[in-house]
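Structure first, commentary second.
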Amino acid sequence: MRLTVAGRRERPSYGTVASLPFRTGSMHTISANRKALSGPRPKTQAHVPSADINGRSSSARLVGLTLLLLCAASSYMSAQTSTVPPEFIQATQDMREGRLQEASDGFAAAVKRQPAFAEAHFNLGLVDEELGKYDEAVASLHEALKLKPLLHGANLFLGITEFRLNHLDDAAAAVQKETIGYPKDAAAWMWLGVVRLAQDRAEDAADALDKAAKLKPDDQDILYHRGRAHLLVSKNSYAKMFKVDSHSWLVHRVLAQANAEAERHVDAIAEYEAAIKLAPTQPGLHEELGTEYRSVNKISEAEAAFQRELEIDPRNVLATYKLGAIEVEQGDAAKGKELIEAAQKEKPGLVHLDYNLGRAEMLLNNEAAAASHFERAVKTDTDPEVIEQAWFQLGTAYRRLHRMDEARNAMATYQQLQDEGAKKSQKEFETYREEHPNTPDSPPPQSPQ
């Protein structure tokens, strides 16, 4: 039984700017709660994405912007009806009906009639940005900020527009002003991070995106960009480490860990062995090597590696637990149980703990204790393979305890899970055949283990 399960996730899309709920005096601007503007995928070079970076239709992009404009206009007009230029009202209607160019013309007329109307300049800039008229948008946003330097969102969208133009320094300066003026604005921190990524300033990007994540911890866009930033920080750190000493044991360990993550277990073993030659008593290395041996079913080598780890570091919980699991598999249930329980005292939440303890109790003919462990395993374990086997073991334990109805139900559940797994595997194989018609006899790639 494997001791750990590594999962993979699809890379999330680089989605929308976070909401911007704000008020400037008695006026809401067009960008309040705006969700129509998309964030770019950071690259090592500045990258100006298309207007429809998420693949949405123009009409879909307009929905949020139009509704927000209506909120902005109605809020402003309710407060100062006598001073609202009529062109502003018409531009609002044009936006509601998806006529971007007409809206741009209307806001342009509004600022011509009332040049000191900062929000109209802001809205004109936002509409022109939506139309891809970035130079005009920059000019309007600058004018809005000249009239109202603290207009919430103006520096942010100025920075975004400058980013579209690949003016990275100007973009960073503008967005940074937004973070200074509104330090609790998660979108501003996210965009500062995005711009820093485009400037190849990964550590600064990570710092900004960490702040954004604290403000909006569940925002997928922030999490994506933050992960990307930290990945680049890690990559840069490792690259510097290679440059300092490409033959150190740490370099071999990094390569081993990378191979292990990619499920290249044989290569990982070779790198761990190289690391151990250079640092034979380094804590953790033998435990990691033992895990890789276990992955390729070299049980005796894994056992020896875990034992050596415990000689170096007797308090290594993972080595203790994994050695205990191997002892159970090898049939020494008493020794395995002792090791597993010792590890449990130090770290109660070990993966597959109840399953492995249940197996030990079964070998020791303690069916009642085994059943209790398997009952917990089928409820709490997250690995489908382990859950399936736990139901089988539970059914066996029930049968030995003469709890025949429960035994039949457990075995029925086990059989159901097996059938579902077989159907899923067959479907995956058929999908693979369809996607690879020139290699009909090749099996689908294994799920990550």
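Residue numbering restarts at 1 for every chain of the structure tokens, chains are lettered A, B, ... in their displayed order, and ligands are numbered from 1 as they appear.
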Practice item. Name the residues in contact with A:Asp204 at a cut-off of 12 Å, using only C-alpha atoms, excluding same-chain residues fewer than 6 positions from it; report them as number ranges by chain. Key: A: 172, 176, 189-198, 210-211, 226, 229-230, 232-233
Generate a file of the selected residues that holds C-alpha atoms, formatted as a short mmCIF file (atom, residue, chain, number, x, y, z; two decimals), in the first residue's frame.
data_model
loop_
_atom_site.label_atom_id
_atom_site.label_comp_id
_atom_site.auth_asym_id
_atom_site.auth_seq_id
_atom_site.Cartn_x
_atom_site.Cartn_y
_atom_site.Cartn_z
CA ALA A 172 3.91 49.86 -11.87
CA GLN A 176 1.60 51.36 -6.69
CA TRP A 189 -2.15 44.51 -4.98
CA MET A 190 -2.87 41.73 -7.46
CA TRP A 191 -2.19 43.98 -10.43
CA LEU A 192 0.98 45.30 -8.84
CA GLY A 193 2.09 41.69 -8.59
CA VAL A 194 1.15 41.02 -12.21
CA VAL A 195 3.15 44.02 -13.41
CA ARG A 196 6.13 43.03 -11.26
CA LEU A 197 6.04 39.58 -12.83
CA ALA A 198 6.18 41.15 -16.28
CA ASP A 210 0.87 37.82 -0.66
CA LYS A 211 -0.80 41.06 0.44
CA ARG A 226 0.71 34.29 -6.39
CA ALA A 229 5.33 34.37 -8.47
CA HIS A 230 6.47 32.01 -5.74
CA LEU A 232 9.60 31.87 -10.05
CA VAL A 233 11.16 32.89 -6.73
#
Review point. Hey, what's within 10 Å of A:Ala260 if we count only C-alpha atoms and toss same-chain stuff fewer than 6 positions away? As a PyMOL selection string, please?
Key: chain A and resi 254+266-269+288-289+291-292+295
Point to revise | Exercise: A:Ala371 partners within 8 Å, only C-alpha atoms, chain neighbours under 6 positions left out, as a PyMOL selection string | key: chain A and resi 358+394+397-398
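Atom CA of A:Glu361 sits 27.0 Å away from atom CA of A:Glu311.
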Practice item. Could you tell me how far atom CA of A:His142 lies from atom CA of A:Asp185, in Å and to one decimal? Key: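 Computed distance, atom CA of A:His142 to atom CA of A:Asp185, equals 20.2 Å.
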Review point. What lies within 10 Å of stretch 333-341 of chain A using only C-alpha atoms, ignoring chain neighbours under 4 positions off, as a VMD selection string?
Key: chain A and resid 317 to 329 345 to 348 350 353 to 354 356 to 364
Practice item. Excluding A:Ala302 and residues on its chain fewer than 6 positions from it, collect all residues at most 7 Å away from it, counting only C-alpha atoms, and give them as a ChimeraX atom specification. Key: /A:290-291,293-294
Residue subset to file, keeping C-alpha atoms, as a PDB file, in the first residue's frame:
ATOM      1  CA  GLY A 290      13.286   4.881   1.147  1.00  0.00           C
ATOM      2  CA  THR A 291      10.058   6.441  -0.123  1.00  0.00           C
ATOM      3  CA  TYR A 293      12.465   2.651  -3.258  1.00  0.00           C
ATOM      4  CA  ARG A 294       8.961   1.907  -1.974  1.00  0.00           C
TER       5      ARG A 294
END
Check your understanding: Neighbours of A:Gly106 within 9 Å (only C-alpha atoms; same-chain residues fewer than 2 positions away dropped), as a list in words?
Key ->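 Returned residues: Pro86, Glu87, Phe88, Ile89, Gln90, Ala91, Thr92, Asp94, Gln101, Glu102, Ala103, Ser104, Ala108, Ala109, Ala110, Val111 and Leu124 of chain A.
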